[in-house]
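Student: Coordinates in input_18.cif, mmCIF, C-alpha atoms and all ligand atoms, are listed below.
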```cif
data_structure
#
loop_
_atom_site.label_atom_id
_atom_site.label_comp_id
_atom_site.auth_asym_id
_atom_site.auth_seq_id
_atom_site.Cartn_x
_atom_site.Cartn_y
_atom_site.Cartn_z
CA MET A 18 65.43 130.42 105.75
CA ALA A 19 68.30 127.94 105.40
CA VAL A 20 70.90 128.03 108.23
CA GLY A 21 73.64 127.59 105.62
CA SER A 22 74.35 125.94 102.31
CA VAL A 23 76.50 122.84 101.90
CA LEU A 24 78.12 121.26 98.86
CA VAL A 25 78.16 117.51 99.48
CA THR A 26 80.54 115.64 97.18
CA GLY A 27 79.70 111.94 96.91
CA GLY A 28 76.25 112.85 98.24
CA THR A 29 74.41 110.04 96.44
CA GLY A 30 76.72 107.45 98.04
CA TYR A 31 76.01 105.51 101.22
CA ILE A 32 77.23 107.85 103.96
CA GLY A 33 76.82 111.00 101.83
CA SER A 34 73.10 110.34 101.27
CA PHE A 35 72.43 110.02 105.01
CA THR A 36 74.41 113.16 105.69
CA ALA A 37 72.53 115.08 102.98
CA LEU A 38 69.31 113.95 104.66
CA ALA A 39 70.53 115.03 108.13
CA LEU A 40 71.56 118.44 106.73
CA LEU A 41 68.18 119.01 105.05
CA GLU A 42 66.40 117.96 108.24
CA ALA A 43 68.49 120.55 110.10
CA ASP A 44 67.44 123.25 107.59
CA TYR A 45 70.66 123.41 105.60
CA LYS A 46 70.41 123.79 101.84
CA VAL A 47 72.18 120.90 100.10
CA VAL A 48 73.87 120.71 96.70
CA ILE A 49 75.13 117.25 95.76
CA VAL A 50 77.99 116.62 93.36
CA ASP A 51 78.52 113.00 92.34
CA ASN A 52 79.57 111.29 89.10
CA LEU A 53 77.40 108.24 90.00
CA TYR A 54 80.41 105.94 89.71
CA ASN A 55 79.17 103.96 92.72
CA SER A 56 75.65 105.29 93.29
CA SER A 57 72.32 106.09 91.72
CA GLU A 58 70.48 109.36 91.15
CA GLU A 59 67.39 107.60 92.59
CA VAL A 60 68.89 108.48 95.99
CA VAL A 61 67.78 112.09 95.43
CA ASN A 62 64.15 110.89 95.19
CA ARG A 63 64.52 108.77 98.32
CA ILE A 64 65.90 111.70 100.30
CA GLU A 65 62.91 113.77 99.20
CA LEU A 66 60.52 110.91 100.09
CA ILE A 67 61.86 110.84 103.64
CA CYS A 68 62.19 114.54 104.46
CA GLY A 69 60.06 116.32 101.85
CA LYS A 70 63.01 118.42 100.68
CA ARG A 71 65.03 117.84 97.54
CA PRO A 72 68.76 118.47 97.30
CA ALA A 73 70.13 119.99 94.08
CA PHE A 74 72.09 117.39 92.12
CA TYR A 75 75.00 117.76 89.67
CA ASN A 76 76.55 114.85 87.80
CA VAL A 77 80.10 116.19 88.02
CA ASP A 78 83.42 114.45 88.53
CA ILE A 79 85.50 115.92 91.36
CA THR A 80 88.58 115.82 89.13
CA ASP A 81 86.78 118.26 86.79
CA GLU A 82 87.73 121.57 88.38
CA ALA A 83 85.82 123.64 85.79
CA GLY A 84 82.72 121.54 86.51
CA LEU A 85 83.11 122.25 90.24
CA ASP A 86 83.60 125.96 89.51
CA LYS A 87 80.28 126.01 87.67
CA VAL A 88 78.48 124.44 90.65
CA PHE A 89 79.89 127.12 92.98
CA ASP A 90 79.00 129.81 90.41
CA ASP A 91 75.43 128.49 90.20
CA HIS A 92 75.13 128.47 94.02
CA PRO A 93 76.99 131.50 95.40
CA ASP A 94 75.38 130.85 98.80
CA ILE A 95 77.42 127.66 99.35
CA ASP A 96 79.56 128.34 102.42
CA ASN A 97 80.59 124.81 103.47
CA VAL A 98 81.74 121.56 101.85
CA ILE A 99 81.43 117.99 103.08
CA HIS A 100 83.70 115.84 100.95
CA PHE A 101 82.77 112.17 100.61
CA ALA A 102 83.51 111.46 96.93
CA ALA A 103 86.24 108.83 96.69
CA LEU A 104 87.11 105.33 95.61
CA LYS A 105 87.05 103.09 98.67
CA ALA A 106 87.85 99.44 97.90
CA VAL A 107 90.98 98.43 99.79
CA GLY A 108 91.81 95.43 97.54
CA GLU A 109 91.27 97.35 94.32
CA SER A 110 93.47 100.19 95.56
CA ALA A 111 96.47 97.83 95.44
CA GLU A 112 95.66 96.91 91.83
CA ILE A 113 95.07 100.41 90.43
CA PRO A 114 96.89 102.77 92.82
CA LEU A 115 97.26 105.59 90.29
CA GLU A 116 93.48 105.74 89.84
CA TYR A 117 93.04 105.87 93.65
CA TYR A 118 95.54 108.71 93.95
CA ARG A 119 93.97 110.50 90.95
CA VAL A 120 90.42 110.41 92.28
CA ASN A 121 91.04 110.63 96.01
CA VAL A 122 94.06 112.95 96.17
CA TYR A 123 93.98 114.92 92.89
CA GLY A 124 90.16 115.15 93.13
CA SER A 125 90.50 116.65 96.62
CA ILE A 126 93.07 119.15 95.32
CA CYS A 127 90.65 120.22 92.53
CA LEU A 128 87.94 120.65 95.15
CA LEU A 129 90.17 122.73 97.45
CA ARG A 130 91.27 124.91 94.51
CA SER A 131 87.69 125.49 93.42
CA MET A 132 86.59 126.21 97.02
CA THR A 133 89.43 128.71 97.39
CA LYS A 134 88.52 130.53 94.18
CA HIS A 135 84.96 130.85 95.48
CA ASN A 136 85.98 131.80 99.02
CA VAL A 137 84.36 128.71 100.59
CA THR A 138 86.37 128.13 103.73
CA ASN A 139 84.91 125.21 105.76
CA ILE A 140 85.53 121.60 104.77
CA VAL A 141 84.53 118.36 106.49
CA PHE A 142 86.50 115.45 105.09
CA SER A 143 85.64 111.72 105.10
CA SER A 144 88.73 110.15 106.50
CA SER A 145 88.86 106.64 107.90
CA ALA A 146 90.04 104.57 110.84
CA THR A 147 92.16 102.84 108.22
CA VAL A 148 94.68 105.73 108.54
CA TYR A 149 95.78 104.23 111.89
CA GLY A 150 96.78 100.94 110.26
CA ASP A 151 97.49 98.25 112.82
CA ALA A 152 97.04 100.24 116.04
CA THR A 153 97.54 97.05 118.07
CA ARG A 154 101.28 97.68 117.55
CA PHE A 155 100.83 100.24 120.34
CA PRO A 156 99.24 98.17 123.16
CA ASN A 157 98.14 101.29 125.09
CA MET A 158 96.32 102.68 122.03
CA ILE A 159 93.29 100.36 122.01
CA PRO A 160 90.63 101.77 121.90
CA ILE A 161 92.27 104.11 119.38
CA PRO A 162 92.54 107.83 120.24
CA GLU A 163 93.17 110.51 117.60
CA HIS A 164 96.79 110.94 118.77
CA CYS A 165 97.57 107.32 117.83
CA PRO A 166 100.35 107.50 115.19
CA ILE A 167 99.10 107.36 111.61
CA GLY A 168 100.40 104.37 109.61
CA PRO A 169 98.05 103.08 106.92
CA THR A 170 98.87 99.63 105.61
CA ASN A 171 97.15 99.84 102.23
CA THR A 172 96.99 102.20 99.23
CA TYR A 173 93.44 103.33 99.94
CA GLY A 174 94.44 104.28 103.49
CA ARG A 175 97.49 106.17 102.20
CA THR A 176 95.27 108.23 99.88
CA LYS A 177 93.17 109.18 102.94
CA SER A 178 96.16 110.11 105.13
CA THR A 179 97.63 112.07 102.18
CA VAL A 180 94.43 114.08 101.78
CA GLU A 181 94.47 114.79 105.54
CA LEU A 182 97.95 116.34 105.03
CA VAL A 183 96.93 118.25 101.89
CA ILE A 184 93.93 119.77 103.69
CA THR A 185 96.00 120.60 106.79
CA ASP A 186 98.70 122.36 104.76
CA HIS A 187 96.15 124.25 102.66
CA ILE A 188 94.08 125.47 105.61
CA GLU A 189 97.20 126.56 107.48
CA ALA A 190 98.50 128.40 104.41
CA GLN A 191 95.18 130.15 103.89
CA ARG A 192 95.11 131.20 107.56
CA ASN A 193 98.67 132.56 107.28
CA ASN A 194 97.95 134.35 104.00
CA ALA A 195 94.89 135.99 105.52
CA LYS A 196 96.92 137.15 108.53
CA LYS A 197 99.55 138.67 106.22
CA GLN A 198 96.74 140.68 104.65
CA GLY A 199 95.64 141.92 108.06
CA GLN A 200 92.66 139.52 108.34
CA SER A 201 92.15 136.99 111.13
CA GLY A 202 92.17 133.91 108.89
CA GLU A 203 89.95 132.07 111.32
CA LEU A 204 87.31 131.45 108.68
CA TRP A 205 89.47 128.61 107.27
CA ASN A 206 88.60 125.37 109.06
CA ALA A 207 88.61 121.64 108.45
CA ALA A 208 87.27 118.57 110.22
CA LEU A 209 89.02 115.29 109.48
CA LEU A 210 86.45 112.68 110.45
CA ARG A 211 87.91 109.21 110.94
CA TYR A 212 85.01 106.80 110.67
CA PHE A 213 85.11 103.31 112.04
CA ASN A 214 82.77 100.71 110.42
CA PRO A 215 79.51 102.26 109.14
CA ALA A 216 76.47 99.99 109.35
CA GLY A 217 72.70 100.00 108.97
CA ALA A 218 70.13 101.83 106.90
CA HIS A 219 67.19 104.20 107.29
CA PRO A 220 64.53 102.64 109.58
CA SER A 221 61.89 103.31 106.90
CA GLY A 222 63.65 100.79 104.64
CA VAL A 223 63.88 103.27 101.74
CA MET A 224 67.52 104.30 102.01
CA GLY A 225 70.60 102.19 102.58
CA GLU A 226 73.86 100.97 101.12
CA ASN A 227 73.45 100.10 97.44
CA PRO A 228 74.16 96.37 97.30
CA LEU A 229 75.00 96.26 93.57
CA GLY A 230 78.42 94.94 92.54
CA VAL A 231 80.41 92.56 94.71
CA PRO A 232 80.41 93.79 98.31
CA TYR A 233 83.62 93.74 100.33
CA ASN A 234 82.34 94.61 103.78
CA LEU A 235 80.96 92.23 106.38
CA LEU A 236 77.39 93.51 106.77
CA PRO A 237 76.47 93.84 103.07
CA LEU A 238 77.86 90.31 102.60
CA LEU A 239 75.79 89.00 105.52
CA ALA A 240 72.74 90.73 104.02
CA GLN A 241 73.37 88.87 100.74
CA VAL A 242 73.49 85.56 102.64
CA ALA A 243 70.19 86.42 104.34
CA ILE A 244 68.47 87.33 101.06
CA GLY A 245 69.73 84.16 99.36
CA LYS A 246 72.24 85.76 96.97
CA ARG A 247 75.14 84.06 98.69
CA GLU A 248 75.26 80.57 100.18
CA LYS A 249 77.23 81.40 103.33
CA LEU A 250 79.49 83.96 104.94
CA LEU A 251 83.20 83.22 104.92
CA VAL A 252 84.64 84.20 108.32
CA PHE A 253 88.19 85.43 107.82
CA GLY A 254 90.04 83.79 110.69
CA ASP A 255 89.09 82.51 114.15
CA ASP A 256 92.63 82.51 115.53
CA TYR A 257 92.80 86.15 116.67
CA GLU A 258 93.40 87.03 120.33
CA SER A 259 89.76 87.95 120.99
CA LYS A 260 87.03 86.38 123.14
CA ASP A 261 85.92 84.06 120.29
CA GLY A 262 88.96 84.20 117.99
CA THR A 263 87.40 86.53 115.37
CA ALA A 264 88.48 90.10 114.66
CA ILE A 265 87.04 93.11 116.48
CA ARG A 266 85.55 96.21 114.82
CA ASP A 267 83.55 99.24 115.95
CA TYR A 268 80.27 99.23 113.98
CA ILE A 269 78.52 102.61 113.96
CA HIS A 270 74.96 103.18 112.74
CA VAL A 271 75.01 105.34 109.61
CA LEU A 272 72.37 107.68 111.14
CA ASP A 273 74.70 108.40 114.09
CA LEU A 274 77.58 108.85 111.66
CA ALA A 275 75.57 111.33 109.57
CA LYS A 276 74.77 113.35 112.71
CA GLY A 277 78.50 113.43 113.46
CA HIS A 278 79.01 115.39 110.23
CA LEU A 279 76.34 117.88 111.17
CA VAL A 280 77.82 118.57 114.61
CA ALA A 281 81.37 118.75 113.20
CA LEU A 282 80.26 121.29 110.61
CA ASN A 283 78.42 123.33 113.24
CA TYR A 284 81.54 123.18 115.44
CA LEU A 285 83.72 124.57 112.61
CA ARG A 286 81.24 127.38 112.03
CA GLU A 287 80.98 128.32 115.71
CA HIS A 288 84.47 127.66 117.11
CA HIS A 289 86.85 128.15 114.12
CA PRO A 290 89.31 125.53 115.43
CA GLY A 291 91.56 125.36 112.33
CA VAL A 292 92.18 121.71 111.45
CA ARG A 293 90.81 119.11 113.85
CA ALA A 294 90.60 115.31 113.62
CA TRP A 295 87.81 113.41 115.35
CA ASN A 296 87.10 109.69 115.59
CA LEU A 297 83.51 108.78 114.86
CA GLY A 298 82.81 105.43 116.47
CA THR A 299 80.86 103.91 119.35
CA GLY A 300 83.83 102.90 121.49
CA LYS A 301 82.42 99.36 121.63
CA GLY A 302 84.12 96.52 119.81
CA SER A 303 82.20 93.60 118.29
CA THR A 304 83.64 90.41 116.84
CA VAL A 305 82.64 88.84 113.53
CA PHE A 306 80.74 86.16 115.47
CA ASP A 307 78.92 88.89 117.47
CA MET A 308 77.83 90.39 114.14
CA ILE A 309 76.64 87.09 112.70
CA LYS A 310 74.59 86.53 115.88
CA ALA A 311 73.11 90.05 115.90
CA PHE A 312 72.16 89.94 112.22
CA SER A 313 70.72 86.40 112.59
CA VAL A 314 68.44 87.73 115.36
CA ALA A 315 67.26 90.57 113.09
CA VAL A 316 66.57 88.12 110.25
CA GLY A 317 64.93 85.57 112.56
CA ARG A 318 67.06 82.57 111.61
CA GLU A 319 70.64 81.37 111.89
CA LEU A 320 72.81 82.44 108.98
CA PRO A 321 75.29 79.91 107.59
CA TYR A 322 79.02 80.62 107.77
CA GLN A 323 82.34 78.87 107.33
CA VAL A 324 85.60 79.81 108.98
CA VAL A 325 88.45 80.23 106.48
CA GLY A 326 91.94 81.77 106.76
CA ARG A 327 92.65 85.38 107.67
CA ARG A 328 92.20 88.03 104.96
CA THR A 329 95.51 89.67 104.00
CA GLY A 330 95.89 93.08 105.61
CA ASP A 331 93.24 92.54 108.33
CA VAL A 332 94.08 93.54 111.89
CA LEU A 333 92.85 92.20 115.23
CA ASP A 334 91.13 95.26 116.64
CA LEU A 335 89.88 98.61 115.28
CA THR A 336 87.82 100.10 118.09
CA ALA A 337 87.48 103.86 118.47
CA ASN A 338 88.13 105.95 121.50
CA PRO A 339 85.43 108.54 120.71
CA THR A 340 86.01 110.67 123.85
CA LEU A 341 87.17 113.73 121.90
CA ALA A 342 84.04 113.82 119.73
CA ASN A 343 81.90 113.07 122.81
CA THR A 344 83.29 116.01 124.75
CA GLU A 345 84.17 118.61 122.09
CA LEU A 346 81.35 118.00 119.65
CA LYS A 347 78.88 116.90 122.37
CA TRP A 348 78.13 114.00 120.05
CA LYS A 349 77.78 110.38 120.91
CA THR A 350 76.20 107.41 119.24
CA GLU A 351 72.63 106.67 120.26
CA LEU A 352 71.76 103.66 118.14
CA THR A 353 72.81 100.10 118.85
CA LEU A 354 74.14 97.21 116.82
CA GLU A 355 70.66 95.69 117.05
CA ASP A 356 69.20 98.88 115.50
CA ALA A 357 71.75 98.72 112.69
CA CYS A 358 71.00 95.04 111.98
CA ARG A 359 67.22 95.57 112.08
CA ASP A 360 67.41 98.57 109.74
CA LEU A 361 69.80 96.85 107.35
CA TRP A 362 67.47 93.87 107.13
CA GLU A 363 64.43 96.11 106.51
CA TRP A 364 66.32 97.88 103.71
CA THR A 365 67.57 94.59 102.20
CA LYS A 366 64.12 92.97 102.21
CA ASN A 367 62.53 96.03 100.60
CA ASN A 368 65.29 96.68 98.08
CA PRO A 369 66.99 93.42 97.10
CA GLU A 370 68.17 95.11 93.90
CA GLY A 371 69.18 98.33 95.63
CA TYR A 372 68.04 101.57 94.00
CA ASN A 373 67.24 99.80 90.73
CA GLN A 374 63.64 99.39 91.79
CA SER A 375 60.72 101.49 93.03
CA PRO A 376 60.53 102.43 96.70
CA PRO A 377 58.32 100.24 98.90
CA LYS A 378 54.65 100.93 98.06
CA GLU A 379 53.45 101.34 101.61
CA PHE A 380 55.98 104.15 102.13
CA VAL A 381 54.92 106.03 99.00
CA ASP A 382 51.23 105.74 99.98
CA GLU A 383 51.77 107.39 103.36
P1 LIG B 401 80.17 105.28 98.41
O1 LIG B 401 80.95 104.63 97.30
O2 LIG B 401 78.79 104.81 98.66
O3 LIG B 401 80.11 106.86 98.16
C1 LIG B 401 81.14 107.55 97.47
C2 LIG B 401 80.48 108.39 96.38
O4 LIG B 401 81.49 109.09 95.66
C3 LIG B 401 79.71 107.54 95.37
O5 LIG B 401 78.39 108.03 95.24
C4 LIG B 401 80.50 107.70 94.08
O6 LIG B 401 79.67 107.65 92.93
C5 LIG B 401 81.15 109.05 94.29
N1 LIG B 401 82.37 109.23 93.49
C6 LIG B 401 83.38 108.37 93.32
N2 LIG B 401 84.30 108.91 92.51
C7 LIG B 401 83.86 110.15 92.17
C8 LIG B 401 84.37 111.19 91.37
N3 LIG B 401 85.53 111.07 90.71
N4 LIG B 401 83.65 112.33 91.24
C9 LIG B 401 82.45 112.47 91.87
N5 LIG B 401 81.92 111.50 92.64
C10 LIG B 401 82.62 110.35 92.79
O7 LIG B 401 81.06 105.18 99.71
P2 LIG B 401 80.69 105.51 101.22
O8 LIG B 401 80.77 104.25 101.97
O9 LIG B 401 79.50 106.34 101.31
O10 LIG B 401 81.97 106.37 101.60
C11 LIG B 401 81.94 107.78 101.61
C12 LIG B 401 83.29 108.29 102.05
O11 LIG B 401 83.59 107.77 103.34
C13 LIG B 401 84.45 107.87 101.15
O12 LIG B 401 85.36 108.95 101.09
C14 LIG B 401 85.07 106.71 101.89
O13 LIG B 401 86.42 106.59 101.58
C15 LIG B 401 84.85 107.13 103.33
N6 LIG B 401 84.79 106.03 104.29
C16 LIG B 401 83.94 104.98 104.08
C17 LIG B 401 83.89 103.94 104.99
C18 LIG B 401 83.00 102.74 104.76
O14 LIG B 401 83.26 101.68 105.32
N7 LIG B 401 81.92 102.86 103.99
C19 LIG B 401 84.69 103.98 106.14
C20 LIG B 401 85.53 105.07 106.33
C21 LIG B 401 85.58 106.08 105.39
C1 LIG B 402 85.01 93.66 109.09
C2 LIG B 402 85.44 92.36 109.74
C3 LIG B 402 86.87 91.01 108.36
C4 LIG B 402 84.03 90.11 105.23
C5 LIG B 402 87.10 98.17 105.74
C6 LIG B 402 88.19 99.08 105.27
C7 LIG B 402 88.19 100.35 106.08
C8 LIG B 402 86.82 101.01 106.10
C9 LIG B 402 85.74 100.03 106.45
C10 LIG B 402 86.74 102.68 104.38
C11 LIG B 402 86.90 92.04 109.49
C12 LIG B 402 85.57 90.31 108.62
C13 LIG B 402 84.62 90.60 106.39
C14 LIG B 402 83.80 88.71 105.14
C15 LIG B 402 84.72 88.41 107.33
N1 LIG B 402 86.47 101.52 104.82
N2 LIG B 402 84.96 89.76 107.41
N3 LIG B 402 84.14 87.91 106.20
O1 LIG B 402 88.10 95.49 106.95
O2 LIG B 402 87.24 96.47 109.12
O3 LIG B 402 87.31 97.86 107.10
O4 LIG B 402 85.85 98.87 105.64
O5 LIG B 402 87.42 103.53 104.86
O6 LIG B 402 89.13 101.16 105.49
O7 LIG B 402 89.44 98.42 105.44
O8 LIG B 402 85.63 96.08 107.25
O9 LIG B 402 83.51 95.00 106.76
O10 LIG B 402 85.52 94.42 105.37
O11 LIG B 402 85.42 93.65 107.71
O12 LIG B 402 85.02 87.64 108.23
O13 LIG B 402 83.30 88.19 104.13
O14 LIG B 402 84.69 91.29 109.13
O15 LIG B 402 87.94 90.10 108.39
O16 LIG B 402 87.39 91.44 110.65
P1 LIG B 402 87.17 96.40 107.65
P2 LIG B 402 84.97 94.79 106.69
#
```
What's the structure tokens form of this structure?
Tutor:
Amino acid sequence: MAVGSVLVTGGTGYIGSFTALALLEADYKVVIVDNLYNSSEEVVNRIELICGKRPAFYNVDITDEAGLDKVFDDHPDIDNVIHFAALKAVGESAEIPLEYYRVNVYGSICLLRSMTKHNVTNIVFSSSATVYGDATRFPNMIPIPEHCPIGPTNTYGRTKSTVELVITDHIEAQRNNAKKQGQSGELWNAALLRYFNPAGAHPSGVMGENPLGVPYNLLPLLAQVAIGKREKLLVFGDDYESKDGTAIRDYIHVLDLAKGHLVALNYLREHHPGVRAWNLGTGKGSTVFDMIKAFSVAVGRELPYQVVGRRTGDVLDLTANPTLANTELKWKTELTLEDACRDLWEWTKNNPEGYNQSPPKEFVDE
């Protein structure tokens, strides 16, 4: 019997698909809602290929509250939500802010309303390290702890910090309302998970980040250089105050990140903490040059790059202090940067066109 049932919004996306897999492997039932804006339904097949279990899938937009209501009506056993669905391109968010607020903020409100109507009281939310903005403005806050002041520097980040506030206010209101009615209210809980830089793919090479469209992030771009879709990597600045002049980030393997969702959900169910924010990162910073070296080792040859000027909005250092998640959730990352690079390369070699092609034959034959 399933240990619980989880609605995963954005569950065919990169991090959502790995979390759906981790949930199924831990005997949760999974219902995915995604409008396929940035993903493919083929992901559902790949999840089943890996774990032998198939999540339910609904092509529903999170801003369609009636559509969400129908999913909850169809699955009255859903007792938890993990909410990934969002638009996530920082640059684009400055060009079409209203669309980012509509999908990310209004979509989250629709989801919370639909959850409330159906008495679903646990939510795990995909927040981001981007809510901290430039934490280097507080010299004693690197690596970044959860109590670092929030101060996003871009529209995308402001949609994430806004949703954190919306969830916090809603959960607190629901707890208070329950108390007024003589109930404990402790069933209402939320985890705000602030991810650092997700990286890697499934070691089987059948599931990873869909490389269609123009990537924005470092590792998908490096993968395109390695596969010959891009001539070289442009390194955005080598004049930062780091060991080699390039900017520092905390790259976390997507399998470790997915497990973080599982333990956060279990923590909500067991400890009823109300609203809690946790950083999900390794605590180890790597520079852009470190990443080029590590991925070159995985690929087996040096990858070409050219140093250009800094990218607007970039900051020197975004490294997590993951102590709270380590101690409270008893979670810590187990996989290394080398694992992430190896797995990303395996995925890229096997799926140069992403999910628009059949899974690797040798995997299907097993
Ligand atoms: P992704 O784009 O791969 O996944 C997001 C999914 O949401 C996609 O499958 C997309 O089709 C779906 N979606 C978008 N709009 C929707 C809508 N209106 N209705 C229903 N579904 C919709 O992105 P990801 O990297 O897996 O990110 C997942 C979450 O994690 C997002 O909330 C993102 O903001 C957050 N996050 C990502 C990163 C990162 O670097 N990848 C870092 C921190 C936080
Ligand atoms: C990493 C480093 C770049 C591309 C972004 C979002 C953040 C979160 C994760 C969602 C930086 C450098 C990159 C390139 C480069 N997403 N770089 N050449 O900017 O840390 O975070 O994704 O929540 O909100 O802002 O990730 O992968 O884009 O960049 O030199 O072609 O690689 O300057 O130092 P970032 P990234």
Student: Using all atoms listed in the file, can you tell me which of A:Tyr54, A:Tyr45, A:Tyr284, A:Trp295 comes closest to A:Gly27?
Tutor: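 Residue with the minimum atom-to-atom distance to A:Gly27: A:Tyr54.
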Student: Using Å and a single decimal, report how far atom CA of A:Asp91 sits from atom CA of A:Leu282.
Tutor: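 Computing the Euclidean distance for atom CA of A:Leu282 and atom CA of A:Asp91 yields 22.2 Å.
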Student: Produce as a count of residues only the set of residues near ligand LIG 401 (chain B), where near means within 6 Å with only C-alpha atoms and all ligand atoms considered.
Tutor: 29
Student: Taking all atoms listed in the file into account, list the residues no farther than 8 Å from ligand LIG 402 (chain B), as a PyMOL selection string.
Tutor: chain A and resi 105-107+144-148+173-174+212-215+233-236+238-239+250-254+263-266+304-305+324+327-328+331-333+335
Student: Please produce an output containing C-alpha atoms for each residue in the selection, written as a PDB file, in the frame of the given file.
Tutor:
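As written to disk, part34.pdb reads:
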```
ATOM      1  CA  LYS A 105      87.050 103.090  98.670  1.00  0.00           C
ATOM      2  CA  ALA A 106      87.850  99.440  97.900  1.00  0.00           C
ATOM      3  CA  VAL A 107      90.980  98.430  99.790  1.00  0.00           C
ATOM      4  CA  SER A 144      88.730 110.150 106.500  1.00  0.00           C
ATOM      5  CA  SER A 145      88.860 106.640 107.900  1.00  0.00           C
ATOM      6  CA  ALA A 146      90.040 104.570 110.840  1.00  0.00           C
ATOM      7  CA  THR A 147      92.160 102.840 108.220  1.00  0.00           C
ATOM      8  CA  VAL A 148      94.680 105.730 108.540  1.00  0.00           C
ATOM      9  CA  TYR A 173      93.440 103.330  99.940  1.00  0.00           C
ATOM     10  CA  GLY A 174      94.440 104.280 103.490  1.00  0.00           C
ATOM     11  CA  TYR A 212      85.010 106.800 110.670  1.00  0.00           C
ATOM     12  CA  PHE A 213      85.110 103.310 112.040  1.00  0.00           C
ATOM     13  CA  ASN A 214      82.770 100.710 110.420  1.00  0.00           C
ATOM     14  CA  PRO A 215      79.510 102.260 109.140  1.00  0.00           C
ATOM     15  CA  TYR A 233      83.620  93.740 100.330  1.00  0.00           C
ATOM     16  CA  ASN A 234      82.340  94.610 103.780  1.00  0.00           C
ATOM     17  CA  LEU A 235      80.960  92.230 106.380  1.00  0.00           C
ATOM     18  CA  LEU A 236      77.390  93.510 106.770  1.00  0.00           C
ATOM     19  CA  LEU A 238      77.860  90.310 102.600  1.00  0.00           C
ATOM     20  CA  LEU A 239      75.790  89.000 105.520  1.00  0.00           C
ATOM     21  CA  LEU A 250      79.490  83.960 104.940  1.00  0.00           C
ATOM     22  CA  LEU A 251      83.200  83.220 104.920  1.00  0.00           C
ATOM     23  CA  VAL A 252      84.640  84.200 108.320  1.00  0.00           C
ATOM     24  CA  PHE A 253      88.190  85.430 107.820  1.00  0.00           C
ATOM     25  CA  GLY A 254      90.040  83.790 110.690  1.00  0.00           C
ATOM     26  CA  THR A 263      87.400  86.530 115.370  1.00  0.00           C
ATOM     27  CA  ALA A 264      88.480  90.100 114.660  1.00  0.00           C
ATOM     28  CA  ILE A 265      87.040  93.110 116.480  1.00  0.00           C
ATOM     29  CA  ARG A 266      85.550  96.210 114.820  1.00  0.00           C
ATOM     30  CA  THR A 304      83.640  90.410 116.840  1.00  0.00           C
ATOM     31  CA  VAL A 305      82.640  88.840 113.530  1.00  0.00           C
ATOM     32  CA  VAL A 324      85.600  79.810 108.980  1.00  0.00           C
ATOM     33  CA  ARG A 327      92.650  85.380 107.670  1.00  0.00           C
ATOM     34  CA  ARG A 328      92.200  88.030 104.960  1.00  0.00           C
ATOM     35  CA  ASP A 331      93.240  92.540 108.330  1.00  0.00           C
ATOM     36  CA  VAL A 332      94.080  93.540 111.890  1.00  0.00           C
ATOM     37  CA  LEU A 333      92.850  92.200 115.230  1.00  0.00           C
ATOM     38  CA  LEU A 335      89.880  98.610 115.280  1.00  0.00           C
TER      39      LEU A 335
END
```
Student: Using only C-alpha atoms for the distances, tell me which of A:Glu345, A:Glu59, A:Asp44, A:Asp273 is nearest to A:His219.
Tutor: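 Residue with the minimum atom-to-atom distance to A:His219: A:Asp273.
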Student: Using all atoms listed in the file, pick whichever of A:Glu163, A:Glu42, A:Glu351, A:Glu82 has the shortest atom-to-atom distance to A:Gly69.
Tutor: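 Of the candidates, the smallest distance to A:Gly69 is held by A:Glu42.
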Student: Could you work out how far atom CA of A:Val98 lies from atom CA of A:Ser22, giving the answer in Å with one decimal?
Tutor: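 So the answer is 8.6 Å.
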Student: Tell me which protein, DNA and RNA residues are within 8 Å of A:Val61, counting only C-alpha atoms, leaving out same-chain ones fewer than 6 positions away, and put them as number ranges by chain.
Tutor: A: 29, 71-72, 74
Student: Report as a PyMOL selection string all protein, DNA and RNA residues lying within 9 Å of A:Val23, evaluated on only C-alpha atoms, omitting residues in the same chain fewer than 3 positions from it.
Tutor: chain A and resi 37+40+45-49+94-99
Student: List the spatial neighbours of A:Leu341 as an mmCIF file with C-alpha atoms, in the coordinates of the input - criterion: any atom at most 12 Å away, only C-alpha atoms, same-chain residues fewer than 4 positions off excluded.
Tutor:
```
data_model
loop_
_atom_site.group_PDB
_atom_site.id
_atom_site.type_symbol
_atom_site.label_atom_id
_atom_site.label_comp_id
_atom_site.auth_asym_id
_atom_site.auth_seq_id
_atom_site.Cartn_x
_atom_site.Cartn_y
_atom_site.Cartn_z
ATOM 1 C CA ILE A 161 92.270 104.110 119.380
ATOM 2 C CA PRO A 162 92.540 107.830 120.240
ATOM 3 C CA GLU A 163 93.170 110.510 117.600
ATOM 4 C CA HIS A 164 96.790 110.940 118.770
ATOM 5 C CA LEU A 210 86.450 112.680 110.450
ATOM 6 C CA ARG A 211 87.910 109.210 110.940
ATOM 7 C CA ALA A 281 81.370 118.750 113.200
ATOM 8 C CA ARG A 293 90.810 119.110 113.850
ATOM 9 C CA ALA A 294 90.600 115.310 113.620
ATOM 10 C CA TRP A 295 87.810 113.410 115.350
ATOM 11 C CA ASN A 296 87.100 109.690 115.590
ATOM 12 C CA LEU A 297 83.510 108.780 114.860
ATOM 13 C CA GLY A 298 82.810 105.430 116.470
ATOM 14 C CA THR A 299 80.860 103.910 119.350
ATOM 15 C CA GLY A 300 83.830 102.900 121.490
ATOM 16 C CA ALA A 337 87.480 103.860 118.470
ATOM 17 C CA GLU A 345 84.170 118.610 122.090
ATOM 18 C CA LEU A 346 81.350 118.000 119.650
ATOM 19 C CA LYS A 347 78.880 116.900 122.370
ATOM 20 C CA TRP A 348 78.130 114.000 120.050
ATOM 21 C CA LYS A 349 77.780 110.380 120.910
#
```
